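Asker: You'll find final_37.txt just under this line, and it carries compact mmCIF, C-alpha atoms.
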# COMPACT_ATOMS: atom_id res chain seq x y z
CA MET A 20 85.53 113.69 113.99
CA HIS A 21 85.98 111.62 110.85
CA MET A 22 82.64 112.78 109.41
CA GLU A 23 83.89 116.35 109.79
CA LYS A 24 86.65 115.47 107.31
CA VAL A 25 84.21 114.61 104.49
CA PRO A 26 84.15 118.19 103.09
CA GLN A 27 87.95 118.26 103.21
CA VAL A 28 88.18 114.92 101.38
CA GLN A 29 85.72 116.13 98.75
CA ALA A 30 87.47 119.48 98.31
CA LEU A 31 90.75 117.68 97.66
CA LEU A 32 89.08 115.66 94.89
CA LYS A 33 87.29 118.63 93.32
CA GLN A 34 90.55 120.44 92.51
CA PHE A 35 91.08 117.96 89.66
CA PRO A 36 89.06 118.28 86.43
CA TRP A 37 88.36 114.53 86.61
CA GLY A 38 87.28 114.74 90.27
CA ARG A 39 83.64 113.74 90.05
CA ILE A 40 81.77 112.92 93.26
CA GLU A 41 78.98 110.34 92.94
CA THR A 42 75.60 110.77 94.64
CA ASP A 43 76.70 108.53 97.52
CA GLY A 44 79.83 110.63 98.09
CA THR A 45 82.26 108.15 96.56
CA PHE A 46 84.69 108.50 93.64
CA ALA A 47 84.42 106.11 90.68
CA GLU A 48 88.17 105.81 90.19
CA PRO A 49 87.97 102.93 87.65
CA LEU A 50 85.90 105.15 85.33
CA ILE A 51 88.67 107.76 85.34
CA ARG A 52 91.27 105.13 84.54
CA ALA A 53 89.06 103.90 81.70
CA TYR A 54 88.75 107.48 80.39
CA TYR A 55 92.56 107.71 80.22
CA ASN A 56 92.85 104.19 78.76
CA VAL A 57 94.78 102.91 81.77
CA LEU A 58 92.15 100.54 83.17
CA GLY A 59 94.41 97.51 83.15
CA ALA A 60 95.11 94.38 85.11
CA GLU A 61 98.18 92.18 85.51
CA CYS A 62 101.42 93.47 83.93
CA PHE A 63 99.76 96.66 82.66
CA GLY A 64 102.59 99.06 83.49
CA TYR A 65 102.17 101.01 86.71
CA TRP A 66 98.40 100.58 86.44
CA SER A 67 98.40 96.85 87.26
CA ILE A 68 95.42 97.03 89.60
CA TYR A 69 92.96 94.21 90.12
CA GLY A 70 89.25 94.92 89.74
CA GLY A 71 86.50 94.98 92.33
CA SER A 72 85.85 96.98 95.47
CA ASN A 73 88.01 94.96 97.87
CA ALA A 74 90.58 97.17 99.55
CA HIS A 75 93.23 94.45 99.62
CA LEU A 76 93.96 91.37 97.59
CA GLN A 77 95.72 88.99 99.95
CA GLN A 78 95.61 88.07 103.63
CA SER A 79 98.01 86.13 105.81
CA SER A 80 97.47 82.39 105.73
CA ASN A 81 97.92 82.20 109.50
CA THR A 82 95.77 85.11 110.62
CA SER A 83 93.75 84.45 113.75
CA ASP A 84 91.37 87.37 113.38
CA PRO A 85 87.81 86.02 113.59
CA SER A 86 86.40 88.96 111.68
CA GLU A 87 85.77 88.30 107.99
CA ALA A 88 84.74 91.89 107.17
CA LEU A 89 87.97 92.73 105.35
CA ARG A 90 88.92 89.16 104.52
CA VAL A 91 89.56 88.68 100.80
CA GLU A 92 90.54 85.44 99.14
CA ASP A 93 93.47 85.55 96.72
CA THR A 94 92.25 86.56 93.28
CA LYS A 95 92.81 83.62 90.99
CA GLY A 96 95.30 84.28 88.24
CA PHE A 97 96.42 87.70 89.54
CA GLY A 98 99.77 88.34 91.16
CA HIS A 99 101.38 91.57 92.26
CA GLY A 100 104.85 92.37 90.99
CA CYS A 101 104.73 90.42 87.75
CA MET A 102 106.98 92.98 86.08
CA LEU A 103 109.69 92.04 88.58
CA LEU A 104 109.76 88.61 86.95
CA SER A 105 110.11 90.11 83.47
CA ASN A 106 113.26 91.12 81.62
CA LYS A 107 111.52 94.24 80.34
CA LEU A 108 112.30 97.56 81.97
CA LEU A 109 109.47 100.07 82.28
CA THR A 110 110.12 103.52 80.85
CA ASP A 111 108.15 106.64 81.71
CA GLU A 112 106.00 105.97 78.64
CA THR A 113 105.45 102.22 79.05
CA GLY A 114 104.89 102.55 82.78
CA TRP A 115 102.45 105.46 82.81
CA LYS A 116 100.81 104.85 79.41
CA LEU A 117 99.76 108.50 79.28
CA GLY A 118 100.39 111.41 76.96
CA LYS A 119 103.80 113.04 77.38
CA ARG A 120 102.54 116.21 79.02
CA LEU A 121 100.65 114.20 81.68
CA ILE A 122 103.64 112.14 82.86
CA PRO A 123 105.73 113.10 85.93
CA ARG A 124 108.96 112.06 84.31
CA LEU A 125 111.90 110.40 86.03
CA VAL A 126 114.20 110.62 83.00
CA PHE A 127 114.76 114.28 82.16
CA GLU A 128 115.82 116.05 79.05
CA LEU A 129 118.38 118.83 79.45
CA ASP A 130 117.20 121.58 81.82
CA THR A 131 113.78 119.98 82.41
CA GLU A 132 114.43 118.75 85.97
CA PRO A 133 112.19 120.13 88.71
CA GLU A 134 113.51 122.88 90.94
CA LEU A 135 115.63 121.78 93.91
CA ALA A 136 113.02 120.76 96.49
CA SER A 137 114.63 122.84 99.24
CA LYS A 138 113.70 125.95 97.23
CA ALA A 139 110.06 124.89 96.86
CA ASP A 140 107.27 124.55 99.38
CA ILE A 141 105.66 121.18 98.64
CA VAL A 142 102.82 120.63 101.11
CA ASP A 143 99.89 119.22 99.10
CA TRP A 144 98.82 118.06 95.64
CA ASP A 145 98.44 121.60 94.33
CA SER A 146 102.02 122.59 95.22
CA TRP A 147 103.39 119.24 94.01
CA TYR A 148 101.69 119.55 90.61
CA ARG A 149 103.11 123.07 90.20
CA TRP A 150 106.59 121.93 91.25
CA ARG A 151 106.46 119.07 88.71
CA ASN A 152 105.01 121.38 86.03
CA LEU A 153 102.06 119.06 85.49
CA PRO A 154 98.50 120.07 84.60
CA LYS A 155 95.83 118.97 87.05
CA GLU A 156 94.39 117.04 84.13
CA SER A 157 97.06 114.40 84.79
CA PRO A 158 95.74 111.44 86.86
CA ALA A 159 99.22 110.93 88.38
CA ALA A 160 97.85 111.45 91.90
CA LEU A 161 95.90 108.19 91.55
CA LEU A 162 99.23 106.35 91.89
CA LEU A 163 101.69 108.79 93.40
CA HIS A 164 99.84 108.94 96.69
CA TYR A 165 101.92 105.89 97.66
CA PRO A 166 105.39 107.57 97.60
CA LEU A 167 104.10 110.99 98.58
CA THR A 168 102.46 109.55 101.68
CA ILE A 169 105.91 108.26 102.66
CA TYR A 170 107.20 111.79 102.14
CA GLN A 171 104.42 113.14 104.36
CA LEU A 172 105.24 110.61 107.09
CA LEU A 173 108.97 111.27 107.03
CA VAL A 174 108.72 115.07 106.92
CA ASN A 175 105.51 116.15 108.64
CA VAL A 176 104.53 113.23 110.87
CA LEU A 177 107.77 111.66 112.14
CA TYR A 178 110.04 114.70 111.63
CA VAL A 179 113.00 112.52 110.61
CA ALA A 180 113.66 114.09 107.20
CA GLY A 181 113.02 117.22 105.19
CA PRO A 182 113.82 118.88 101.86
CA LYS A 183 115.86 121.60 103.62
CA ARG A 184 117.51 119.35 106.19
CA ASN A 185 120.63 118.16 104.31
CA SER A 186 123.39 119.56 102.11
CA PRO A 187 126.16 118.30 99.81
CA GLU A 188 128.51 118.34 102.81
CA SER A 189 126.05 116.69 105.20
CA ARG A 190 124.00 113.89 103.68
CA GLN A 191 121.43 111.78 105.52
CA VAL A 192 120.76 108.04 105.44
CA LEU A 193 117.14 106.90 105.87
CA ASN A 194 115.97 103.34 106.50
CA VAL A 195 112.26 102.74 105.81
CA HIS A 196 110.32 99.53 106.45
CA TYR A 197 107.22 99.38 104.23
CA ILE A 198 104.82 96.85 105.73
CA GLY A 199 101.94 95.25 103.85
CA ALA A 200 103.03 96.13 100.30
CA GLU A 201 100.73 94.78 97.57
CA VAL A 202 99.92 96.92 94.54
CA GLU A 203 103.05 98.96 95.26
CA LEU A 204 105.11 96.09 93.84
CA ASN A 205 103.76 97.01 90.40
CA MET A 206 105.11 100.57 90.55
CA LEU A 207 108.45 100.49 92.36
CA PRO A 208 110.03 103.17 90.09
CA LEU A 209 107.42 105.66 91.30
CA PHE A 210 109.09 105.71 94.71
CA SER A 211 111.91 107.54 92.95
CA GLU A 212 109.81 110.63 93.63
CA LEU A 213 111.34 110.53 97.12
CA VAL A 214 114.85 111.23 95.81
CA LEU A 215 113.54 114.35 94.08
CA LEU A 216 111.66 115.51 97.17
CA LEU A 217 114.50 114.88 99.65
CA PRO A 218 117.79 116.29 98.34
CA TYR A 219 121.13 114.90 99.56
CA THR A 220 119.49 111.84 101.10
CA ASP A 221 120.28 108.13 100.73
CA ILE A 222 117.15 106.03 101.23
CA LYS A 223 116.93 102.30 101.80
CA MET A 224 113.39 100.88 101.63
CA THR A 225 112.58 97.30 102.58
CA PHE A 226 109.18 95.94 101.59
CA PHE A 227 107.42 93.32 103.73
CA GLY A 228 104.15 91.47 103.27
CA ILE A 229 102.30 88.49 101.92
CA ALA A 230 102.53 89.64 98.30
CA VAL A 231 106.26 90.27 98.80
CA HIS A 232 106.68 86.77 100.23
CA SER A 233 104.84 85.35 97.20
CA ILE A 234 106.96 87.13 94.58
CA VAL A 235 110.26 86.38 96.33
CA LYS A 236 109.42 82.67 96.36
CA LYS A 237 109.38 82.83 92.56
CA ALA A 238 112.62 84.79 92.19
CA LYS A 239 114.61 84.96 95.40
CA GLN A 240 117.50 87.40 95.57
CA ASN A 241 119.20 89.52 98.21
CA GLU A 242 120.21 92.40 95.98
CA PRO A 243 118.07 95.52 95.60
CA VAL A 244 115.29 95.07 93.06
CA TYR A 245 115.34 98.75 92.16
CA THR A 246 117.85 101.58 92.50
CA CYS A 247 117.97 105.15 91.26
CA THR A 248 119.84 108.42 91.73
CA SER A 249 118.36 111.86 91.24
CA PRO A 250 120.09 114.43 88.99
CA ALA A 251 122.90 116.42 90.60
CA SER A 252 120.79 119.57 90.29
CA CYS A 253 118.13 117.89 92.45
CA GLY A 254 120.54 116.79 95.18
CA ALA A 255 121.92 113.48 93.87
CA SER A 256 119.84 111.49 96.34
CA THR A 257 119.73 107.70 96.06
CA LEU A 258 117.07 105.04 96.56
CA SER A 259 117.52 101.29 97.00
CA ILE A 260 114.48 99.01 97.34
CA PHE A 261 114.76 95.54 98.82
CA LEU A 262 112.14 92.80 99.18
CA HIS A 263 112.14 90.78 102.40
CA GLY A 264 110.32 87.59 101.54
CA ASP A 265 111.64 85.16 104.13
CA HIS A 266 108.56 85.75 106.29
CA GLU A 267 104.94 86.07 105.25
CA ASP A 268 104.18 88.44 108.11
CA TRP A 269 106.24 91.31 109.46
CA ASP A 270 107.56 90.62 112.96
CA PRO A 271 108.67 93.21 115.56
CA ARG A 272 111.98 91.36 115.96
CA LEU A 273 112.89 91.58 112.26
CA PRO A 274 114.68 94.97 112.38
CA PHE A 275 117.11 93.55 114.91
CA LEU A 276 117.53 90.23 113.15
CA LEU A 277 118.33 92.23 110.01
CA GLY A 278 120.72 94.43 111.95
CA SER A 279 119.11 97.73 110.95
CA LYS A 280 116.91 100.09 112.96
CA PRO A 281 114.38 101.77 110.66
CA ASP A 282 113.74 105.49 110.80
CA CYS A 283 110.17 104.92 109.64
CA TYR A 284 107.61 102.12 109.65
CA ARG A 285 104.82 102.45 107.13
CA ARG A 286 102.00 99.96 107.34
CA SER A 287 98.81 99.48 105.39
CA GLU A 288 95.48 99.59 107.20
CA CYS A 289 94.92 95.92 106.37
CA TRP A 290 97.80 95.10 108.70
CA ALA A 291 96.58 97.20 111.60
CA HIS A 292 94.76 94.31 113.31
CA GLN A 293 97.83 92.10 113.10
CA LEU A 294 100.44 94.44 114.61
CA SER A 295 100.47 95.70 118.19
CA SER A 296 102.52 98.83 118.84
CA ALA A 297 102.99 97.70 122.42
CA ALA A 298 104.36 94.39 121.18
CA ILE A 299 106.81 96.17 118.87
CA ILE A 300 108.14 98.25 121.76
CA ALA A 301 108.26 95.29 124.16
CA HIS A 302 110.31 93.24 121.71
CA ALA A 303 112.56 96.13 120.80
CA LEU A 304 113.35 97.65 124.18
CA PRO A 305 115.93 95.13 125.50
CA ARG A 306 117.87 95.30 122.25
CA LEU A 307 117.68 99.09 122.15
CA HIS A 308 119.00 99.19 125.71
CA SER A 309 121.91 96.92 124.84
CA THR A 310 122.81 99.02 121.77
CA GLY A 311 123.24 102.10 123.91
CA MET A 312 119.99 104.03 123.52
CA ASN A 313 119.99 106.62 126.29
CA GLY A 314 117.34 107.19 128.91
CA LEU A 315 115.80 110.22 127.23
CA GLU A 316 115.36 108.31 123.96
CA LEU A 317 113.77 105.41 125.82
CA HIS A 318 111.49 107.82 127.62
CA ASN A 319 110.33 109.17 124.26
CA LEU A 320 109.68 105.59 123.15
CA THR A 321 107.69 104.44 126.18
CA GLN A 322 105.96 107.51 127.60
CA PRO A 323 102.14 107.51 127.55
CA ARG A 324 100.82 109.52 124.66
CA GLU A 325 97.78 110.13 122.53
CA TYR A 326 97.64 109.01 118.91
CA PRO A 327 95.76 111.69 116.98
CA THR A 328 94.72 110.91 113.43
CA THR A 329 95.70 113.63 110.97
CA PHE A 330 94.50 114.40 107.46
CA ASN A 331 96.97 113.39 104.76
CA PRO A 332 97.19 116.12 102.08
CA PHE A 333 98.74 113.55 99.72
CA GLN A 334 95.94 111.00 100.01
CA ARG A 335 94.55 109.38 96.90
CA PRO A 336 91.81 111.73 95.71
CA GLY A 337 88.28 110.47 96.35
CA GLN A 338 86.51 108.06 98.68
CA ARG A 339 86.44 104.34 98.06
CA ASN A 340 83.22 102.70 96.96
CA LEU A 341 82.62 100.50 100.01
CA GLY A 342 78.89 100.11 100.44
CA SER A 343 79.01 99.23 104.15
CA VAL A 344 81.14 102.24 105.13
CA ARG A 345 79.91 105.83 105.33
CA LEU A 346 82.87 107.33 107.17
CA PRO A 347 85.62 108.76 104.95
CA ASN A 348 87.36 105.69 103.53
CA VAL A 349 90.23 106.96 101.44
CA PRO A 350 93.42 105.17 100.37
CA ASN A 351 96.23 106.70 102.44
CA GLY A 352 93.66 109.19 103.70
CA PHE A 353 94.94 109.70 107.23
CA THR A 354 98.18 109.33 109.14
CA MET A 355 98.95 108.47 112.75
CA ARG A 356 102.28 108.66 114.53
CA VAL A 357 102.74 105.83 117.03
CA VAL A 358 106.41 106.31 117.93
CA GLY A 359 108.63 108.98 116.50
CA SER A 360 110.90 111.89 117.22
CA ASP A 361 109.51 114.47 119.63
CA GLN A 362 112.12 116.98 118.52
CA GLU A 363 109.67 119.72 117.65
CA GLU A 364 107.73 119.24 120.89
CA ILE A 365 110.93 119.24 122.95
CA ILE A 366 112.14 122.45 121.30
CA HIS A 367 108.85 124.16 122.10
CA ALA A 368 108.92 122.87 125.67
CA VAL A 369 112.44 124.15 126.33
CA SER A 370 111.71 127.53 124.78
CA ALA A 371 108.69 127.84 127.07
CA GLY A 372 110.84 127.16 130.12
CA VAL A 373 109.45 123.66 130.72
CA PRO A 374 112.26 121.20 131.60
CA VAL A 375 112.53 118.00 129.61
CA PRO A 376 111.98 115.05 132.02
CA ALA A 377 115.03 112.89 132.71
CA SER A 378 113.96 109.25 132.73
CA ASP A 379 115.42 106.47 134.82
CA LEU A 380 116.37 103.52 132.62
CA SER A 381 115.60 100.77 135.10
CA GLU A 382 112.21 102.30 135.86
CA LEU A 383 111.39 102.43 132.15
CA LEU A 384 112.36 98.80 131.66
CA GLN A 385 110.23 97.78 134.64
CA LYS A 386 107.22 99.74 133.36
CA THR A 387 107.57 98.18 129.93
CA GLU A 388 107.66 94.67 131.37
CA GLN A 389 104.49 95.45 133.33
Let me see whether you can do it: turn the structure in this file into structure tokens.
Answerer:
Amino acid sequence: MHMEKVPQVQALLKQFPWGRIETDGTFAEPLIRAYYNVLGAECFGYWSIYGGSNAHLQQSSNTSDPSEALRVEDTKGFGHGCMLLSNKLLTDETGWKLGKRLIPRLVFELDTEPELASKADIVDWDSWYRWRNLPKESPAALLLHYPLTIYQLLVNVLYVAGPKRNSPESRQVLNVHYIGAEVELNMLPLFSELVLLLPYTDIKMTFFGIAVHSIVKKAKQNEPVYTCTSPASCGASTLSIFLHGDHEDWDPRLPFLLGSKPDCYRRSECWAHQLSSAAIIAHALPRLHSTGMNGLELHNLTQPREYPTTFNPFQRPGQRNLGSVRLPNVPNGFTMRVVGSDQEEIIHAVSAGVPVPASDLSELLQKTEQ
């Protein structure tokens, strides 16, 4: 199935004038950054990306995984989030380091804001570039796949948010746990794209991970490390980003220790071997029961289901250069919903005359324990 996606991955890359496919099917992304003079390293604006072909920089010090295939030692002298330790604030120009017409700006001159997202149809890179009035020549997609993948998860995978969902009279609060953050710590302002894409929404994002733990040890604080508000014409949405550095690894009990149930978990593939979805549910279920979650909601949480992998239209363009992998290996290339709202499925089921099953709470608890 994944090999069938290769033409789709390549077609996504080819829409960009810089989208060159190498003879082995990969994309030489560092060459494109060098062409635009943004091939940097530590504290190089939003482009603070370490070199090499390793997918991830750091691993947990207490991992018990015997496999060394994706194991990478900490790169000496490189640390994610160095700008968080600086007194300098990145502007659109100092962060992107691109020509003015190639920058998806967050600070707008009069009447230059993008159209209210509820009036647009933003479903892929092509529609996003048109909405932001950017030429495809801009390499912005090489970084913005991080926030736009969150948008894809919230809107089209988990169905918990949407650009047309809210209004000035009825705002929505979203709580997102971002697990395994590394390079994202170098570009926190880019997640402001979410407040433009989701009007009338207040978003709290909490970052977890080894790199987060490392940076918080150097400058511990409980306040948000980044906040922003979109223009009133775009819905006046807000974003607050927090770093949770008390633990090196994310733990299924953390949402309840922190007293907040997230609407979305986002985790990097490097964390997939460390986190068990069954363990998350097993830890969470007693607390969810005690907080009043009803039987139908628990049924949605615990019912057997398949986990189809879906193509992410906001993936980073181009395959990674990993010599041992011939399947499509793309940063944020695919999405998978483990637990989420079945609202769309339930609506279809009711309209088709199929009754929604009423679950017995004690039976669900017993099944989960088993």
Asker: Which one is closest to Pro208 (chain A): A:Ile141, A:Leu173, A:Met102, A:Leu129? Count only C-alpha atoms.
Answerer: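 So, comparing all the options, the nearest one is A:Met102.
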Asker: Of the candidates A:Asn205, A:Gln34, A:Gln29, A:Thr220, which shows the shortest atom-to-atom distance to Cys62 (chain A), using all atoms listed in the file?
Answerer: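 For Cys62 (chain A), the nearest of the given residues is A:Asn205.
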Asker: CA of Pro350 (chain A) to CA of Thr113 (chain A): how many Å, to one decimal?
Answerer: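 Separating CA of Pro350 (chain A) from CA of Thr113 (chain A) is a distance of 24.7 Å.
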Asker: Need to verify the contact set: Phe353 (chain A), 7 Å, all atoms listed in the file, exclusion of same-chain residues closer than 2 positions in sequence. Can you return it as number ranges by chain?
Answerer: A: 328-331, 351, 355
Asker: Residues near region 177-182 of chain A, anyone? I mean within 7 Å using all atoms listed in the file, not counting same-chain ones fewer than 3 positions away, as a VMD selection string.
Answerer: chain A and resid 136 to 137 172 to 174 216 to 218 356 359 to 360
Asker: What are the centre and edge lengths in Å, to one decimal, of the axis-aligned box around all listed atoms of region 177-191 of chain A with 8 Å added on each side, as JSON?
Answerer:
{"center_x": 118.1, "center_y": 116.6, "center_z": 106.0, "size_x": 36.7, "size_y": 25.9, "size_z": 28.3}
Asker: May I ask for the distance between CA of Asp130 (chain A) and CA of Tyr65 (chain A), given in Å to one decimal place?
Answerer: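 Taking CA of Asp130 (chain A) as the start and CA of Tyr65 (chain A) as the end point, the length is 25.9 Å.
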Asker: To one decimal place in Å, what is the distance between CA of Leu207 (chain A) and CA of Leu103 (chain A)?
Answerer: 9.3 Å
Asker: Near region 51-55 of chain A, within 9 Å and counting only C-alpha atoms, which residues show up once chain neighbours fewer than 5 positions away are dropped, as an MDAnalysis selection string?
Answerer: chainID A and resid 37:38 66 116:117 158 161
Asker: Take the selection from the previous step and output its residues with C-alpha atoms, as a PDB file, keeping the file's coordinate frame.
Answerer:
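Contents of the output file result.pdb:
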ATOM      1  CA  TRP A  37      88.360 114.530  86.610  1.00  0.00           C
ATOM      2  CA  GLY A  38      87.280 114.740  90.270  1.00  0.00           C
ATOM      3  CA  TRP A  66      98.400 100.580  86.440  1.00  0.00           C
ATOM      4  CA  LYS A 116     100.810 104.850  79.410  1.00  0.00           C
ATOM      5  CA  LEU A 117      99.760 108.500  79.280  1.00  0.00           C
ATOM      6  CA  PRO A 158      95.740 111.440  86.860  1.00  0.00           C
ATOM      7  CA  LEU A 161      95.900 108.190  91.550  1.00  0.00           C
TER       8      LEU A 161
END
Asker: Which is closer to Lys155 (chain A) than all the others in A:Tyr197, A:Phe35, A:Tyr170, A:Phe210, using all atoms listed in the file?
Answerer: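 Among the listed residues, the smallest separation from Lys155 (chain A) belongs to A:Phe35.
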Asker: Find, counting all atoms listed in the file, the residue in A:Thr168, A:Trp150, A:Gly100, A:Ala30 that gets nearest to His232 (chain A).
Answerer: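 Closest candidate: A:Gly100.
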Asker: In terms of the shortest atom-to-atom distance over all atoms listed in the file, which of A:Ile260, A:Cys101, A:Ala160, A:Ile229 is closest to Arg335 (chain A)?
Answerer: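 The answer is A:Ala160, which sits nearest to Arg335 (chain A).
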Asker: Given the choices A:Leu31, A:Val126, A:Leu108, A:Val192, which gets closest to Ile222 (chain A) if the distance is worked out from only C-alpha atoms?
Answerer: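 Between A:Leu31, A:Val126, A:Leu108, A:Val192, the residue approaching Ile222 (chain A) most closely is A:Val192.
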